[in-house]
Amino acid sequence: MKKALLLVNQHSRKGKKLLSQATVELQALDFELIVESTDSARELSDTIRRYQNQVELVIIGGGDGTLNSAIESLTDTKLPLGILPMGTANDLARTLGIPTDLSAACQVIASGKTRLIDLGWVNGQYFFNVASLGLSVQITQRLTKDVKQRWGVFAYAFTALQTLLSARPFRAEIKVNNQCFNVKTLQIAIGNGRYYGGGMTVAEDATIDDNRLDLYSLETKNWWEILTLLPAMRQGNHTDWPNVRALHAQEFEVNTSKRRPINTDGEITTHTPAKFRVIPQALAVIAPS
């Protein structure tokens with residue numbers, strides 16, 4: 001029997017309803033559970049640290065934001081992470097091939113293999129999926145809890161369309177491998193995993209254990225050009241388009257004349273000037289083999 005700490009964000013879209021189902025299913029799969037519900041990122045981290053010597057793994061039910069808030073305590077305690085996708089986008093689960101069906105996700109935790117994944121880092125903040133500035137920050141600011149509750153998985157598309165209509169390009173300086181690029185862009189995104197923003201692809205060949213970050217900059221002149229780009233952004237081949245700059249490296253630096261907020265895994269956590277880097281094989285997760 002495996003001892004696990006089960007943490008569920010009761011404020012996530014399906015949290016409360018799915019907690020009892022997850023508890024029953026995991027116990028049937030021979031897990032001895034300590035069940036806690038969390039209200040804040042701070043509480044989540046403190047709970048993991050409190051139980052670190054009593055359990056063999058941590059199982060978290062929630063979305064990308066909830067998972068992100070556990071990174072620091074998971075890297076400190078070296079406990080493996082099991083994921084029950086209960087959020088709106090579930091991009092980390094998608095990257096790892098973890099099914100959104102709760103029973104199937106429980107099966108993965110019971111029979112899956114531990115896999116070491118990379119983490120992204122910007123100005124002291126970790127991220128699984130992507131860190132970005134520009135359009136995505138404005139989308140995050142509009143993507144309220146109410147909008148997510150009402151629109152579910154369509155919330156991203158609905159909010160993105162609203163944001164696009166008022167988008168304005170900004171100037172930035174990107175430093176990478178002793179090169180410097182001065183750009184006029186609508187968005188700069190730096191990805192560690194494969195998916196972000198409800199199923200958009202960072203880069204066609206991106207994986208979460210490739211020991212690199214993938215940057216793209218959307219240097220289109222008109223907002224409607226982004227609409228034509230959207231299908232390519234879902235596939236990941238947007239980097240072939242003439243107005244999209246694509247760079248790959250282990251470290252980047254981004255400067256802007258005016259301080260700009262940066263979004264990490266859907267939460268605004270830091271701002272420019274920013275230093276980004278990849279931290280290879282930083283965290284153990286349980287994923288389909």
# chains A, B, ... in the order shown; residues from 1 in each chain; ligands from 1
$ select_by_dssp --residues "segment 130-167 of chain A" --states "strand (DSSP E or B)" --output "compact mmCIF listing (two decimals) with all heavy atoms, in the first residue's frame"
# COMPACT_ATOMS: atom_id res chain seq x y z
N VAL A 130 4.71 27.68 -19.83
CA VAL A 130 5.16 28.84 -20.60
C VAL A 130 5.20 30.09 -19.73
O VAL A 130 4.45 30.21 -18.76
CB VAL A 130 4.23 29.04 -21.83
CG1 VAL A 130 2.96 29.77 -21.47
CG2 VAL A 130 4.92 29.76 -22.97
N ALA A 131 6.12 30.98 -20.07
CA ALA A 131 6.15 32.33 -19.48
C ALA A 131 6.03 33.29 -20.66
O ALA A 131 6.63 33.06 -21.71
CB ALA A 131 7.46 32.56 -18.74
N SER A 132 5.23 34.33 -20.52
CA SER A 132 5.02 35.20 -21.67
C SER A 132 4.68 36.63 -21.27
O SER A 132 4.27 36.90 -20.14
CB SER A 132 3.91 34.63 -22.56
OG SER A 132 2.76 34.40 -21.78
N LEU A 133 4.86 37.53 -22.23
CA LEU A 133 4.48 38.93 -22.01
C LEU A 133 3.82 39.46 -23.27
O LEU A 133 4.05 38.95 -24.36
CB LEU A 133 5.69 39.78 -21.62
CG LEU A 133 6.91 39.84 -22.52
CD1 LEU A 133 7.60 41.20 -22.34
CD2 LEU A 133 7.91 38.76 -22.16
N GLY A 134 2.92 40.45 -23.08
CA GLY A 134 2.17 40.99 -24.21
C GLY A 134 0.73 40.50 -24.16
O GLY A 134 0.09 40.51 -23.11
$ closest_atom_pairs --of "segment 66-142 of chain A" --to "segment 179-194 of chain A" --cutoff "12 Å" --atoms "only C-alpha atoms" --output "Markdown table"
| residue | atom | partner | partner_atom | distance |
| --- | --- | --- | --- | --- |
| A:Asn90 | CA | A:Arg194 | CA | 11.9 |
| A:Asp91 | CA | A:Arg194 | CA | 8.2 |
| A:Leu92 | CA | A:Gly193 | CA | 7.4 |
| A:Ala93 | CA | A:Arg194 | CA | 10.4 |
| A:Arg94 | CA | A:Arg194 | CA | 8.4 |
| A:Thr95 | CA | A:Arg194 | CA | 5.5 |
| A:Leu96 | CA | A:Arg194 | CA | 8.8 |
| A:Gly97 | CA | A:Arg194 | CA | 10.8 |
| A:Ile117 | CA | A:Gly193 | CA | 9.0 |
| A:Asp118 | CA | A:Asn192 | CA | 7.2 |
| A:Leu119 | CA | A:Asn192 | CA | 6.5 |
| A:Gly120 | CA | A:Asn192 | CA | 5.5 |
| A:Trp121 | CA | A:Asn192 | CA | 9.1 |
| A:Val122 | CA | A:Ile190 | CA | 9.8 |
| A:Tyr126 | CA | A:Asn192 | CA | 10.3 |
| A:Phe127 | CA | A:Asn192 | CA | 7.7 |
| A:Phe128 | CA | A:Gly193 | CA | 6.2 |
| A:Asn129 | CA | A:Gly193 | CA | 4.7 |
| A:Val130 | CA | A:Gly191 | CA | 4.2 |
| A:Ala131 | CA | A:Ile190 | CA | 5.3 |
| A:Ser132 | CA | A:Ala189 | CA | 4.2 |
| A:Leu133 | CA | A:Ile188 | CA | 5.5 |
| A:Gly134 | CA | A:Gln187 | CA | 4.4 |
| A:Leu135 | CA | A:Gln187 | CA | 5.4 |
| A:Ser136 | CA | A:Gln187 | CA | 7.1 |
| A:Val137 | CA | A:Gln187 | CA | 9.0 |
| A:Gln138 | CA | A:Gln187 | CA | 10.3 |
| A:Ile139 | CA | A:Gln187 | CA | 11.3 |
$ residues_around --residues "Gln281 of chain A" --least-positions-apart "3" --cutoff "10 Å" --atoms "only C-alpha atoms" --output "list in words"
Arg115, Leu116, Ile117, Asp118, Leu119, Ile208, Asp209, Asp210, Asn211, Val278 and Ala284 of chain A
$ write_last_selection --atoms "N, CA and C atoms" --output "PDB file, in the first residue's frame"
ATOM      1  N   ARG A 115       8.809  10.011 -14.242  1.00  0.00           N
ATOM      2  CA  ARG A 115       9.573  10.622 -15.334  1.00  0.00           C
ATOM      3  C   ARG A 115      10.156  11.947 -14.853  1.00  0.00           C
ATOM      4  N   LEU A 116      11.419  12.183 -15.127  1.00  0.00           N
ATOM      5  CA  LEU A 116      12.031  13.455 -14.725  1.00  0.00           C
ATOM      6  C   LEU A 116      11.796  14.501 -15.810  1.00  0.00           C
ATOM      7  N   ILE A 117      11.261  15.651 -15.413  1.00  0.00           N
ATOM      8  CA  ILE A 117      10.974  16.701 -16.388  1.00  0.00           C
ATOM      9  C   ILE A 117      11.764  17.975 -16.060  1.00  0.00           C
ATOM     10  N   ASP A 118      11.929  18.818 -17.087  1.00  0.00           N
ATOM     11  CA  ASP A 118      12.590  20.112 -16.913  1.00  0.00           C
ATOM     12  C   ASP A 118      11.602  21.119 -16.333  1.00  0.00           C
ATOM     13  N   LEU A 119      12.149  22.175 -15.749  1.00  0.00           N
ATOM     14  CA  LEU A 119      11.337  23.315 -15.339  1.00  0.00           C
ATOM     15  C   LEU A 119      11.883  24.570 -16.008  1.00  0.00           C
ATOM     16  N   ILE A 208       8.931  18.296 -22.776  1.00  0.00           N
ATOM     17  CA  ILE A 208       9.181  18.872 -21.455  1.00  0.00           C
ATOM     18  C   ILE A 208      10.459  18.316 -20.809  1.00  0.00           C
ATOM     19  N   ASP A 209      11.218  17.529 -21.587  1.00  0.00           N
ATOM     20  CA  ASP A 209      12.497  17.030 -21.060  1.00  0.00           C
ATOM     21  C   ASP A 209      13.597  17.136 -22.119  1.00  0.00           C
ATOM     22  N   ASP A 210      13.522  18.199 -22.954  1.00  0.00           N
ATOM     23  CA  ASP A 210      14.514  18.358 -24.031  1.00  0.00           C
ATOM     24  C   ASP A 210      15.654  19.308 -23.666  1.00  0.00           C
ATOM     25  N   ASN A 211      15.688  19.743 -22.373  1.00  0.00           N
ATOM     26  CA  ASN A 211      16.789  20.565 -21.876  1.00  0.00           C
ATOM     27  C   ASN A 211      16.953  21.869 -22.669  1.00  0.00           C
ATOM     28  N   VAL A 278      16.374  27.254 -18.359  1.00  0.00           N
ATOM     29  CA  VAL A 278      15.798  25.928 -18.173  1.00  0.00           C
ATOM     30  C   VAL A 278      16.551  25.235 -17.040  1.00  0.00           C
ATOM     31  N   ALA A 284      10.220  15.044 -10.511  1.00  0.00           N
ATOM     32  CA  ALA A 284       9.711  13.719 -10.887  1.00  0.00           C
ATOM     33  C   ALA A 284       8.186  13.763 -10.953  1.00  0.00           C
TER      34      ALA A 284
END
$ residues_around --residues "segment 237-239 of chain A" --least-positions-apart "4" --cutoff "12 Å" --atoms "only C-alpha atoms" --output "ChimeraX atom specification"
/A:189,200-206,214-220,225-233,243-248
$ select_by_dssp --residues "segment 46-287 of chain A" --states "alpha helix (DSSP H)" --output "number ranges by chain"
A: 46-51, 64-68, 71-77, 91-96, 102-111, 135-142, 145-151, 155-164, 223-235
$ closest_residue --among "A:Leu143, A:Val55, A:Leu81, A:Ile98" --to "Thr114 of chain A" --atoms "only C-alpha atoms"
A:Leu81
$ residues_around --residues "Ala110 of chain A" --least-positions-apart "2" --cutoff "10 Å" --atoms "only C-alpha atoms" --output "PyMOL selection string"
chain A and resi 2+26+29-31+82+104-108+112-113+286-287
$ write_last_selection --atoms "N, CA, C and O atoms" --output "mmCIF file, in the first residue's frame"
data_model
loop_
_atom_site.group_PDB
_atom_site.id
_atom_site.type_symbol
_atom_site.label_atom_id
_atom_site.label_comp_id
_atom_site.auth_asym_id
_atom_site.auth_seq_id
_atom_site.Cartn_x
_atom_site.Cartn_y
_atom_site.Cartn_z
ATOM 1 N N LYS A 2 0.618 2.157 -0.944
ATOM 2 C CA LYS A 2 1.425 3.375 -1.061
ATOM 3 C C LYS A 2 0.789 4.524 -0.288
ATOM 4 O O LYS A 2 -0.419 4.750 -0.386
ATOM 5 N N LEU A 26 -8.795 6.118 -5.710
ATOM 6 C CA LEU A 26 -7.397 5.904 -5.328
ATOM 7 C C LEU A 26 -7.280 4.878 -4.196
ATOM 8 O O LEU A 26 -6.367 4.058 -4.184
ATOM 9 N N LEU A 29 -7.423 1.583 -5.527
ATOM 10 C CA LEU A 29 -6.175 1.218 -6.216
ATOM 11 C C LEU A 29 -5.015 1.013 -5.224
ATOM 12 O O LEU A 29 -3.855 1.035 -5.603
ATOM 13 N N ASP A 30 -5.380 0.856 -3.952
ATOM 14 C CA ASP A 30 -4.408 0.503 -2.911
ATOM 15 C C ASP A 30 -3.530 1.664 -2.434
ATOM 16 O O ASP A 30 -2.374 1.470 -2.074
ATOM 17 N N PHE A 31 -4.086 2.876 -2.441
ATOM 18 C CA PHE A 31 -3.373 4.011 -1.867
ATOM 19 C C PHE A 31 -3.913 4.308 -0.470
ATOM 20 O O PHE A 31 -5.127 4.296 -0.251
ATOM 21 N N GLY A 82 1.839 13.213 -8.694
ATOM 22 C CA GLY A 82 0.767 12.590 -9.479
ATOM 23 C C GLY A 82 -0.255 13.671 -9.799
ATOM 24 O O GLY A 82 -0.549 14.516 -8.945
ATOM 25 N N ALA A 104 -9.289 7.380 -15.388
ATOM 26 C CA ALA A 104 -8.093 7.058 -16.186
ATOM 27 C C ALA A 104 -6.850 7.718 -15.591
ATOM 28 O O ALA A 104 -5.772 7.113 -15.567
ATOM 29 N N ALA A 105 -7.007 8.948 -15.075
ATOM 30 C CA ALA A 105 -5.875 9.651 -14.457
ATOM 31 C C ALA A 105 -5.430 8.932 -13.173
ATOM 32 O O ALA A 105 -4.232 8.844 -12.889
ATOM 33 N N CYS A 106 -6.396 8.409 -12.424
ATOM 34 C CA CYS A 106 -6.067 7.628 -11.210
ATOM 35 C C CYS A 106 -5.299 6.355 -11.581
ATOM 36 O O CYS A 106 -4.337 5.970 -10.902
ATOM 37 N N GLN A 107 -5.709 5.717 -12.667
ATOM 38 C CA GLN A 107 -5.022 4.512 -13.157
ATOM 39 C C GLN A 107 -3.569 4.823 -13.522
ATOM 40 O O GLN A 107 -2.668 4.025 -13.259
ATOM 41 N N VAL A 108 -3.353 5.999 -14.143
ATOM 42 C CA VAL A 108 -1.993 6.404 -14.512
ATOM 43 C C VAL A 108 -1.128 6.521 -13.259
ATOM 44 O O VAL A 108 0.013 6.060 -13.220
ATOM 45 N N GLY A 112 1.509 4.196 -13.691
ATOM 46 C CA GLY A 112 2.439 4.970 -14.523
ATOM 47 C C GLY A 112 3.859 4.919 -14.012
ATOM 48 O O GLY A 112 4.149 4.399 -12.939
ATOM 49 N N LYS A 113 4.766 5.434 -14.824
ATOM 50 C CA LYS A 113 6.188 5.450 -14.467
ATOM 51 C C LYS A 113 6.579 6.868 -14.036
ATOM 52 O O LYS A 113 6.031 7.852 -14.522
ATOM 53 N N ILE A 286 4.546 11.487 -12.330
ATOM 54 C CA ILE A 286 4.062 10.160 -12.734
ATOM 55 C C ILE A 286 3.225 10.353 -14.001
ATOM 56 O O ILE A 286 2.261 11.109 -14.005
ATOM 57 N N ALA A 287 3.658 9.696 -15.062
ATOM 58 C CA ALA A 287 3.012 9.888 -16.370
ATOM 59 C C ALA A 287 2.905 8.534 -17.071
ATOM 60 O O ALA A 287 3.587 7.576 -16.691
#
$ residues_around --residues "Asn178 of chain A" --least-positions-apart "5" --cutoff "12 Å" --atoms "only C-alpha atoms" --output "list in words"
Ala249, Glu251, Phe252 and Glu253 of chain A
$ residues_around --residues "segment 61-76 of chain A" --least-positions-apart "5" --cutoff "9 Å" --atoms "only C-alpha atoms" --output "JSON, numbers by chain"
{"A": [6, 7, 8, 9, 10, 11, 12, 13, 14, 15, 18, 19, 22, 40, 41, 42, 44, 45, 46, 48, 49, 81, 82, 83, 84, 85, 86, 87, 88, 89, 90, 91, 92, 93, 119, 125, 126, 127, 128, 129, 264, 265, 266, 267, 282, 283, 284]}
$ atom_distance --atom1 "atom CA of Glu25 of chain A" --atom2 "atom CA of Asp101 of chain A"
12.2 Å
$ atom_distance --atom1 "atom CA of Leu102 of chain A" --atom2 "atom CA of Gln21 of chain A"
8.2 Å
$ atom_distance --atom1 "atom CA of Thr100 of chain A" --atom2 "atom CA of Thr38 of chain A"
20.7 Å
$ closest_residue --among "A:Arg142, A:Lys3, A:Lys78, A:Lys258" --to "Leu161 of chain A" --atoms "only C-alpha atoms"
A:Arg142
$ closest_residue --among "A:Arg50, A:Thr77, A:Val254, A:Thr270" --to "Lys175 of chain A" --atoms "only C-alpha atoms"
A:Val254
